[in-house]
Amino acid sequence: CLQGMAQEVTTVYIDNIEEEEYDITTPGNYKIIGNNTPDNPTSKGIYVHVDGEVNITIENVNILTGNTYFSPFFIDKGTVNLTLSGKNTLISIAKYTCSGLFISKKSSLTITEESNGSFLKAQVNQPEEYAGGAGIGSTVADIAGSITINGGTIQAIGGNGAAGIGGGVNGSASSITINGGYVTAIAGTSSSFTPASIGGGFNATSDDYGNGGDIKITGGTVITSDGNGNIGSIGNGEGGTTTSVTITGGSVYYDSSIQSVPPKDGNGNELVK
């Protein structure tokens with residue numbers, strides 16, 4: 001009988017590329033390998049702009065960028081299936097606008113079930129006087145594309161006034177689904193901004209920003225923090241609206257009293273913790 005051909009995989013050692021970032025512009029399968037450590041990261045970023053679907057594995061990739069307008073992993077366009085291998089860190093120390101793992105509103109990200117046993121930390125770390133982007137999601141005053149987490153150990157830490165997963169300051173989420181994995185979402189610390197841990201960033205405008213979008217949790221372990229050592233929230237950021245939160249499974253730790261839309265179970269009943 002005929003057997004299927006193995007899919008071709010493009011393998012890249014990111015520390016060895018000459019450009020400032022590795023650009024993925026065609027659909028296919030990619031494996032990006034780092035030979036550094038979180039204590040000795042590369043400044044080389046990853047940029048995706050694809051018409052269609054792309055499968056990406058990152059293995060021990062540790063990126064630290066200080067470029068004002070560039071996130072360590074920037075998904076500008078495309079349907080991205082991301083598999084984690086080993087320990088990976090994506091950290092931006094830019095003064096403003098960047099995310100750790102940016103997903104534009106014309107793209108989507110799925111972290112696969114095959115990521116179980118591996119780790120990703122996506123963080124924005126900046127001076128307090130600047131507005132921040134989400135750990136995973138949008139930059140300032142932007143809308144994040146669809147985010148799905150099916151596996152892996154994920155730690156997402158937002159910049160000042162930004163969600164851990166979702167929107168940056170004055171930014172919104174569109175769709176966030178967590179089906180599995182061990183997910184810790186930490187909102188950006190700030191003395192005056194109150195974003196959600198998962199959902200919308202703080203909205204400081206009169207416009208329709210800071211929205212949590214459509215949030216669903218069906219499995220896994222989900223832990224939220226407000227960035228100041230307290231339990232966090234799931235929903236819209238302060239000043240935001242338009243959030244739907246549905247929790248049907250998993251172990252979820254959150255404060256349902258912080259934001260205006262209480263989570264519901266699969267039958268539409270309000271959940272209170």
# chains A, B, ... in the order shown; residues from 1 in each chain; ligands from 1
$ residues_around --residues "stretch 246-254 of chain A" --least-positions-apart "6" --cutoff "9 Å" --atoms "only C-alpha atoms" --output "PDB file with all heavy atoms, in the first residue's frame"
ATOM      1  N   ASN A 179      -8.547  25.295  26.401  1.00  0.00           N
ATOM      2  CA  ASN A 179      -9.061  23.928  26.473  1.00  0.00           C
ATOM      3  C   ASN A 179      -8.167  23.006  27.299  1.00  0.00           C
ATOM      4  O   ASN A 179      -8.580  21.891  27.642  1.00  0.00           O
ATOM      5  CB  ASN A 179      -9.186  23.346  25.065  1.00  0.00           C
ATOM      6  CG  ASN A 179     -10.159  24.111  24.200  1.00  0.00           C
ATOM      7  OD1 ASN A 179     -11.256  24.456  24.639  1.00  0.00           O
ATOM      8  ND2 ASN A 179      -9.773  24.400  22.964  1.00  0.00           N
ATOM      9  N   GLY A 180      -6.954  23.439  27.587  1.00  0.00           N
ATOM     10  CA  GLY A 180      -6.023  22.599  28.325  1.00  0.00           C
ATOM     11  C   GLY A 180      -4.764  23.359  28.650  1.00  0.00           C
ATOM     12  O   GLY A 180      -4.609  24.540  28.327  1.00  0.00           O
ATOM     13  N   SER A 197      -6.878  40.082  33.895  1.00  0.00           N
ATOM     14  CA  SER A 197      -5.769  39.149  33.706  1.00  0.00           C
ATOM     15  C   SER A 197      -5.921  38.431  32.368  1.00  0.00           C
ATOM     16  O   SER A 197      -4.948  38.243  31.637  1.00  0.00           O
ATOM     17  CB  SER A 197      -5.736  38.129  34.843  1.00  0.00           C
ATOM     18  OG  SER A 197      -5.618  38.770  36.095  1.00  0.00           O
ATOM     19  N   ASP A 214     -14.980  37.265  23.492  1.00  0.00           N
ATOM     20  CA  ASP A 214     -15.645  35.991  23.786  1.00  0.00           C
ATOM     21  C   ASP A 214     -14.622  35.060  24.429  1.00  0.00           C
ATOM     22  O   ASP A 214     -13.712  34.569  23.757  1.00  0.00           O
ATOM     23  CB  ASP A 214     -16.196  35.396  22.491  1.00  0.00           C
ATOM     24  CG  ASP A 214     -16.974  34.114  22.729  1.00  0.00           C
ATOM     25  OD1 ASP A 214     -17.346  33.857  23.891  1.00  0.00           O
ATOM     26  OD2 ASP A 214     -17.190  33.364  21.765  1.00  0.00           O
ATOM     27  N   ILE A 215     -14.764  34.829  25.734  1.00  0.00           N
ATOM     28  CA  ILE A 215     -13.800  34.033  26.492  1.00  0.00           C
ATOM     29  C   ILE A 215     -14.461  32.722  26.905  1.00  0.00           C
ATOM     30  O   ILE A 215     -15.528  32.722  27.523  1.00  0.00           O
ATOM     31  CB  ILE A 215     -13.306  34.797  27.727  1.00  0.00           C
ATOM     32  CG1 ILE A 215     -12.679  36.136  27.319  1.00  0.00           C
ATOM     33  CG2 ILE A 215     -12.308  33.956  28.522  1.00  0.00           C
ATOM     34  CD1 ILE A 215     -12.356  37.046  28.496  1.00  0.00           C
ATOM     35  N   LYS A 216     -13.787  31.599  26.571  1.00  0.00           N
ATOM     36  CA  LYS A 216     -14.299  30.279  26.936  1.00  0.00           C
ATOM     37  C   LYS A 216     -13.180  29.460  27.558  1.00  0.00           C
ATOM     38  O   LYS A 216     -12.077  29.404  27.025  1.00  0.00           O
ATOM     39  CB  LYS A 216     -14.845  29.561  25.704  1.00  0.00           C
ATOM     40  CG  LYS A 216     -16.049  30.247  25.066  1.00  0.00           C
ATOM     41  CD  LYS A 216     -16.518  29.511  23.812  1.00  0.00           C
ATOM     42  CE  LYS A 216     -17.706  30.220  23.172  1.00  0.00           C
ATOM     43  NZ  LYS A 216     -18.149  29.548  21.930  1.00  0.00           N
ATOM     44  N   ILE A 217     -13.488  28.817  28.685  1.00  0.00           N
ATOM     45  CA  ILE A 217     -12.543  27.911  29.332  1.00  0.00           C
ATOM     46  C   ILE A 217     -13.241  26.569  29.515  1.00  0.00           C
ATOM     47  O   ILE A 217     -14.272  26.479  30.178  1.00  0.00           O
ATOM     48  CB  ILE A 217     -12.072  28.473  30.680  1.00  0.00           C
ATOM     49  CG1 ILE A 217     -11.377  29.827  30.488  1.00  0.00           C
ATOM     50  CG2 ILE A 217     -11.120  27.487  31.364  1.00  0.00           C
ATOM     51  CD1 ILE A 217     -10.996  30.524  31.778  1.00  0.00           C
ATOM     52  N   THR A 218     -12.674  25.539  28.893  1.00  0.00           N
ATOM     53  CA  THR A 218     -13.282  24.208  28.941  1.00  0.00           C
ATOM     54  C   THR A 218     -12.431  23.191  29.684  1.00  0.00           C
ATOM     55  O   THR A 218     -12.905  22.097  29.979  1.00  0.00           O
ATOM     56  CB  THR A 218     -13.539  23.685  27.518  1.00  0.00           C
ATOM     57  OG1 THR A 218     -12.285  23.386  26.878  1.00  0.00           O
ATOM     58  CG2 THR A 218     -14.306  24.695  26.675  1.00  0.00           C
ATOM     59  N   GLY A 219     -11.165  23.515  29.954  1.00  0.00           N
ATOM     60  CA  GLY A 219     -10.288  22.563  30.615  1.00  0.00           C
ATOM     61  C   GLY A 219      -8.975  23.199  31.003  1.00  0.00           C
ATOM     62  O   GLY A 219      -8.731  24.390  30.786  1.00  0.00           O
ATOM     63  N   GLY A 220      -8.112  22.385  31.596  1.00  0.00           N
ATOM     64  CA  GLY A 220      -6.806  22.864  32.030  1.00  0.00           C
ATOM     65  C   GLY A 220      -6.874  23.518  33.399  1.00  0.00           C
ATOM     66  O   GLY A 220      -7.906  23.534  34.070  1.00  0.00           O
ATOM     67  N   THR A 221      -5.752  24.061  33.803  1.00  0.00           N
ATOM     68  CA  THR A 221      -5.657  24.843  35.037  1.00  0.00           C
ATOM     69  C   THR A 221      -5.345  26.281  34.664  1.00  0.00           C
ATOM     70  O   THR A 221      -4.392  26.544  33.931  1.00  0.00           O
ATOM     71  CB  THR A 221      -4.550  24.295  35.964  1.00  0.00           C
ATOM     72  OG1 THR A 221      -4.870  22.947  36.334  1.00  0.00           O
ATOM     73  CG2 THR A 221      -4.424  25.146  37.216  1.00  0.00           C
ATOM     74  N   VAL A 222      -6.158  27.204  35.161  1.00  0.00           N
ATOM     75  CA  VAL A 222      -6.015  28.618  34.821  1.00  0.00           C
ATOM     76  C   VAL A 222      -5.916  29.418  36.115  1.00  0.00           C
ATOM     77  O   VAL A 222      -6.818  29.385  36.949  1.00  0.00           O
ATOM     78  CB  VAL A 222      -7.205  29.123  33.980  1.00  0.00           C
ATOM     79  CG1 VAL A 222      -7.031  30.605  33.652  1.00  0.00           C
ATOM     80  CG2 VAL A 222      -7.350  28.301  32.705  1.00  0.00           C
ATOM     81  N   ILE A 223      -4.819  30.132  36.258  1.00  0.00           N
ATOM     82  CA  ILE A 223      -4.571  30.943  37.451  1.00  0.00           C
ATOM     83  C   ILE A 223      -4.429  32.399  37.020  1.00  0.00           C
ATOM     84  O   ILE A 223      -3.692  32.697  36.069  1.00  0.00           O
ATOM     85  CB  ILE A 223      -3.309  30.481  38.189  1.00  0.00           C
ATOM     86  CG1 ILE A 223      -3.488  29.036  38.668  1.00  0.00           C
ATOM     87  CG2 ILE A 223      -2.982  31.400  39.360  1.00  0.00           C
ATOM     88  CD1 ILE A 223      -2.239  28.424  39.251  1.00  0.00           C
ATOM     89  N   THR A 224      -5.122  33.298  37.698  1.00  0.00           N
ATOM     90  CA  THR A 224      -5.043  34.713  37.353  1.00  0.00           C
ATOM     91  C   THR A 224      -4.450  35.514  38.510  1.00  0.00           C
ATOM     92  O   THR A 224      -4.613  35.166  39.683  1.00  0.00           O
ATOM     93  CB  THR A 224      -6.426  35.298  37.022  1.00  0.00           C
ATOM     94  OG1 THR A 224      -7.259  35.263  38.194  1.00  0.00           O
ATOM     95  CG2 THR A 224      -7.094  34.509  35.903  1.00  0.00           C
ATOM     96  N   SER A 225      -3.771  36.602  38.144  1.00  0.00           N
ATOM     97  CA  SER A 225      -3.225  37.516  39.146  1.00  0.00           C
ATOM     98  C   SER A 225      -3.346  38.935  38.624  1.00  0.00           C
ATOM     99  O   SER A 225      -3.250  39.175  37.421  1.00  0.00           O
ATOM    100  CB  SER A 225      -1.754  37.190  39.429  1.00  0.00           C
ATOM    101  OG  SER A 225      -1.161  38.206  40.232  1.00  0.00           O
ATOM    102  N   ILE A 231      -5.507  37.803  43.547  1.00  0.00           N
ATOM    103  CA  ILE A 231      -6.168  37.050  42.484  1.00  0.00           C
ATOM    104  C   ILE A 231      -6.693  38.030  41.429  1.00  0.00           C
ATOM    105  O   ILE A 231      -7.097  39.152  41.744  1.00  0.00           O
ATOM    106  CB  ILE A 231      -7.295  36.169  43.056  1.00  0.00           C
ATOM    107  CG1 ILE A 231      -7.766  35.155  42.014  1.00  0.00           C
ATOM    108  CG2 ILE A 231      -8.460  37.012  43.555  1.00  0.00           C
ATOM    109  CD1 ILE A 231      -8.643  34.067  42.607  1.00  0.00           C
ATOM    110  N   GLY A 232      -6.662  37.625  40.178  1.00  0.00           N
ATOM    111  CA  GLY A 232      -7.039  38.511  39.084  1.00  0.00           C
ATOM    112  C   GLY A 232      -8.430  38.244  38.556  1.00  0.00           C
ATOM    113  O   GLY A 232      -9.235  37.534  39.171  1.00  0.00           O
ATOM    114  N   SER A 233      -8.720  38.807  37.392  1.00  0.00           N
ATOM    115  CA  SER A 233     -10.066  38.731  36.831  1.00  0.00           C
ATOM    116  C   SER A 233     -10.036  38.207  35.398  1.00  0.00           C
ATOM    117  O   SER A 233      -8.996  38.199  34.732  1.00  0.00           O
ATOM    118  CB  SER A 233     -10.733  40.105  36.840  1.00  0.00           C
ATOM    119  OG  SER A 233     -10.045  40.984  35.966  1.00  0.00           O
ATOM    120  N   ILE A 234     -11.190  37.774  34.961  1.00  0.00           N
ATOM    121  CA  ILE A 234     -11.400  37.316  33.590  1.00  0.00           C
ATOM    122  C   ILE A 234     -12.553  38.126  33.024  1.00  0.00           C
ATOM    123  O   ILE A 234     -13.660  38.101  33.560  1.00  0.00           O
ATOM    124  CB  ILE A 234     -11.725  35.814  33.539  1.00  0.00           C
ATOM    125  CG1 ILE A 234     -10.578  34.998  34.151  1.00  0.00           C
ATOM    126  CG2 ILE A 234     -11.988  35.365  32.110  1.00  0.00           C
ATOM    127  CD1 ILE A 234     -10.886  33.512  34.285  1.00  0.00           C
ATOM    128  N   PRO A 263     -18.890  35.493  34.931  1.00  0.00           N
ATOM    129  CA  PRO A 263     -18.796  34.304  34.079  1.00  0.00           C
ATOM    130  C   PRO A 263     -20.036  33.437  34.194  1.00  0.00           C
ATOM    131  O   PRO A 263     -20.755  33.449  35.198  1.00  0.00           O
ATOM    132  CB  PRO A 263     -17.561  33.582  34.626  1.00  0.00           C
ATOM    133  CG  PRO A 263     -16.808  34.625  35.384  1.00  0.00           C
ATOM    134  CD  PRO A 263     -17.838  35.548  35.938  1.00  0.00           C
ATOM    135  N   LYS A 264     -20.291  32.630  33.152  1.00  0.00           N
ATOM    136  CA  LYS A 264     -21.420  31.706  33.131  1.00  0.00           C
ATOM    137  C   LYS A 264     -20.945  30.306  32.791  1.00  0.00           C
ATOM    138  O   LYS A 264     -19.889  30.121  32.205  1.00  0.00           O
ATOM    139  CB  LYS A 264     -22.457  32.171  32.091  1.00  0.00           C
ATOM    140  CG  LYS A 264     -23.074  33.530  32.414  1.00  0.00           C
ATOM    141  CD  LYS A 264     -24.104  33.938  31.369  1.00  0.00           C
ATOM    142  CE  LYS A 264     -24.709  35.291  31.718  1.00  0.00           C
ATOM    143  NZ  LYS A 264     -25.737  35.713  30.726  1.00  0.00           N
ATOM    144  N   ASP A 265     -21.724  29.321  33.196  1.00  0.00           N
ATOM    145  CA  ASP A 265     -21.428  27.950  32.818  1.00  0.00           C
ATOM    146  C   ASP A 265     -22.074  27.654  31.471  1.00  0.00           C
ATOM    147  O   ASP A 265     -22.642  28.528  30.813  1.00  0.00           O
ATOM    148  CB  ASP A 265     -21.886  26.963  33.896  1.00  0.00           C
ATOM    149  CG  ASP A 265     -23.409  26.962  34.120  1.00  0.00           C
ATOM    150  OD1 ASP A 265     -24.158  27.451  33.224  1.00  0.00           O
ATOM    151  OD2 ASP A 265     -23.841  26.479  35.180  1.00  0.00           O
ATOM    152  N   GLY A 266     -21.966  26.399  31.027  1.00  0.00           N
ATOM    153  CA  GLY A 266     -22.485  26.044  29.711  1.00  0.00           C
ATOM    154  C   GLY A 266     -23.986  26.147  29.585  1.00  0.00           C
ATOM    155  O   GLY A 266     -24.508  26.176  28.459  1.00  0.00           O
ATOM    156  N   ASN A 267     -24.706  26.226  30.722  1.00  0.00           N
ATOM    157  CA  ASN A 267     -26.166  26.361  30.701  1.00  0.00           C
ATOM    158  C   ASN A 267     -26.616  27.807  30.861  1.00  0.00           C
ATOM    159  O   ASN A 267     -27.816  28.070  30.988  1.00  0.00           O
ATOM    160  CB  ASN A 267     -26.783  25.501  31.803  1.00  0.00           C
ATOM    161  CG  ASN A 267     -26.521  24.028  31.600  1.00  0.00           C
ATOM    162  OD1 ASN A 267     -26.615  23.526  30.489  1.00  0.00           O
ATOM    163  ND2 ASN A 267     -26.170  23.316  32.677  1.00  0.00           N
ATOM    164  N   GLY A 268     -25.663  28.737  30.904  1.00  0.00           N
ATOM    165  CA  GLY A 268     -26.017  30.146  31.037  1.00  0.00           C
ATOM    166  C   GLY A 268     -26.190  30.612  32.453  1.00  0.00           C
ATOM    167  O   GLY A 268     -26.621  31.744  32.690  1.00  0.00           O
ATOM    168  N   LEU A 271     -21.642  32.134  37.397  1.00  0.00           N
ATOM    169  CA  LEU A 271     -20.703  31.493  38.310  1.00  0.00           C
ATOM    170  C   LEU A 271     -20.175  32.549  39.258  1.00  0.00           C
ATOM    171  O   LEU A 271     -19.747  33.610  38.847  1.00  0.00           O
ATOM    172  CB  LEU A 271     -19.547  30.868  37.538  1.00  0.00           C
ATOM    173  CG  LEU A 271     -19.915  29.749  36.545  1.00  0.00           C
ATOM    174  CD1 LEU A 271     -18.693  29.366  35.733  1.00  0.00           C
ATOM    175  CD2 LEU A 271     -20.446  28.532  37.288  1.00  0.00           C
ATOM    176  N   LYS A 273     -17.448  33.017  42.513  1.00  0.00           N
ATOM    177  CA  LYS A 273     -16.413  32.419  43.370  1.00  0.00           C
ATOM    178  C   LYS A 273     -15.920  33.448  44.357  1.00  0.00           C
ATOM    179  O   LYS A 273     -15.887  34.626  44.066  1.00  0.00           O
ATOM    180  CB  LYS A 273     -15.253  31.914  42.507  1.00  0.00           C
ATOM    181  CG  LYS A 273     -15.614  30.678  41.697  1.00  0.00           C
ATOM    182  CD  LYS A 273     -14.361  30.076  41.066  1.00  0.00           C
ATOM    183  CE  LYS A 273     -14.688  28.805  40.308  1.00  0.00           C
ATOM    184  NZ  LYS A 273     -13.478  28.155  39.755  1.00  0.00           N
TER     185      LYS A 273
END
$ residues_around --residues "stretch 67-82 of chain A" --least-positions-apart "6" --cutoff "8 Å" --atoms "only C-alpha atoms" --output "PyMOL selection string"
chain A and resi 43-58+90-104+106-112
$ residues_around --residues "stretch 150-161 of chain A" --least-positions-apart "3" --cutoff "7 Å" --atoms "only C-alpha atoms" --output "number ranges by chain"
A: 111-126, 128, 130-136, 164-165, 168-169, 178-190, 193-195, 201-202
$ select_by_dssp --residues "stretch 149-247 of chain A" --states "strand (DSSP E or B)" --output "ChimeraX atom specification"
/A:149,153-157,165-166,172,175-178,182-186,198-199,213-217,221-225,231,234-235,243-247
$ write_last_selection --atoms "C-alpha atoms" --output "tab-separated table (two decimals), in the first residue's frame"
chain	number	residue	atom	x	y	z
A	149	ILE	CA	-4.56	27.32	24.19
A	153	THR	CA	2.71	25.49	30.63
A	154	ILE	CA	2.07	29.12	29.80
A	155	GLN	CA	2.97	32.22	31.78
A	156	ALA	CA	1.72	35.45	30.23
A	157	ILE	CA	2.58	38.76	31.91
A	165	ILE	CA	-3.69	37.37	27.75
A	166	GLY	CA	-5.84	39.66	25.58
A	172	SER	CA	-9.29	44.50	23.39
A	175	SER	CA	-11.73	35.50	21.20
A	176	ILE	CA	-9.83	33.59	23.90
A	177	THR	CA	-10.35	29.84	24.37
A	178	ILE	CA	-8.49	27.67	26.89
A	182	TYR	CA	-1.42	25.07	32.83
A	183	VAL	CA	-1.98	28.76	32.23
A	184	THR	CA	-0.94	31.63	34.48
A	185	ALA	CA	-2.12	35.06	33.32
A	186	ILE	CA	-0.78	38.10	35.16
A	198	ILE	CA	-7.49	37.44	30.77
A	199	GLY	CA	-9.50	39.70	28.46
A	213	GLY	CA	-14.40	39.60	23.73
A	214	ASP	CA	-15.65	35.99	23.79
A	215	ILE	CA	-13.80	34.03	26.49
A	216	LYS	CA	-14.30	30.28	26.94
A	217	ILE	CA	-12.54	27.91	29.33
A	221	THR	CA	-5.66	24.84	35.04
A	222	VAL	CA	-6.02	28.62	34.82
A	223	ILE	CA	-4.57	30.94	37.45
A	224	THR	CA	-5.04	34.71	37.35
A	225	SER	CA	-3.22	37.52	39.15
A	231	ILE	CA	-6.17	37.05	42.48
A	234	ILE	CA	-11.40	37.32	33.59
A	235	GLY	CA	-13.39	39.68	31.38
A	243	THR	CA	-17.46	40.56	27.37
A	244	SER	CA	-18.82	37.02	27.34
A	245	VAL	CA	-17.18	34.59	29.76
A	246	THR	CA	-18.15	30.91	29.75
A	247	ILE	CA	-16.46	28.34	32.01
$ residues_around --residues "A:Asn35" --least-positions-apart "2" --cutoff "10 Å" --atoms "only C-alpha atoms" --output "PyMOL selection string"
chain A and resi 13-16+33+37+40-42+59-62
$ write_last_selection --atoms "N, CA and C atoms" --output "short mmCIF file (atom, residue, chain, number, x, y, z; two decimals), in the first residue's frame"
data_model
loop_
_atom_site.label_atom_id
_atom_site.label_comp_id
_atom_site.auth_asym_id
_atom_site.auth_seq_id
_atom_site.Cartn_x
_atom_site.Cartn_y
_atom_site.Cartn_z
N TYR A 13 17.97 27.87 13.00
CA TYR A 13 18.63 28.18 14.26
C TYR A 13 18.66 29.70 14.39
N ILE A 14 17.76 30.21 15.23
CA ILE A 14 17.49 31.65 15.21
C ILE A 14 18.70 32.48 15.62
N ASP A 15 19.56 31.94 16.46
CA ASP A 15 20.73 32.70 16.88
C ASP A 15 21.71 32.93 15.72
N ASN A 16 21.59 32.12 14.68
CA ASN A 16 22.56 32.19 13.60
C ASN A 16 22.11 33.04 12.41
N ILE A 33 14.82 26.80 16.40
CA ILE A 33 15.60 26.29 17.52
C ILE A 33 16.51 27.38 18.05
N THR A 37 19.94 30.66 26.41
CA THR A 37 19.21 30.42 27.64
C THR A 37 18.44 31.69 28.02
N ASN A 40 20.70 34.39 28.83
CA ASN A 40 21.55 34.88 27.74
C ASN A 40 20.75 34.83 26.43
N PRO A 41 19.68 35.65 26.34
CA PRO A 41 18.76 35.54 25.20
C PRO A 41 19.32 36.17 23.93
N THR A 42 18.71 35.84 22.81
CA THR A 42 19.01 36.51 21.56
C THR A 42 18.09 37.72 21.40
N GLU A 59 11.72 25.67 19.92
CA GLU A 59 12.43 24.78 20.84
C GLU A 59 13.55 25.55 21.53
N ASN A 60 13.37 25.76 22.83
CA ASN A 60 14.36 26.47 23.63
C ASN A 60 14.74 27.81 23.01
N VAL A 61 13.71 28.54 22.59
CA VAL A 61 13.91 29.86 21.99
C VAL A 61 13.73 30.92 23.07
N ASN A 62 14.74 31.72 23.28
CA ASN A 62 14.70 32.76 24.31
C ASN A 62 15.07 34.09 23.66
#
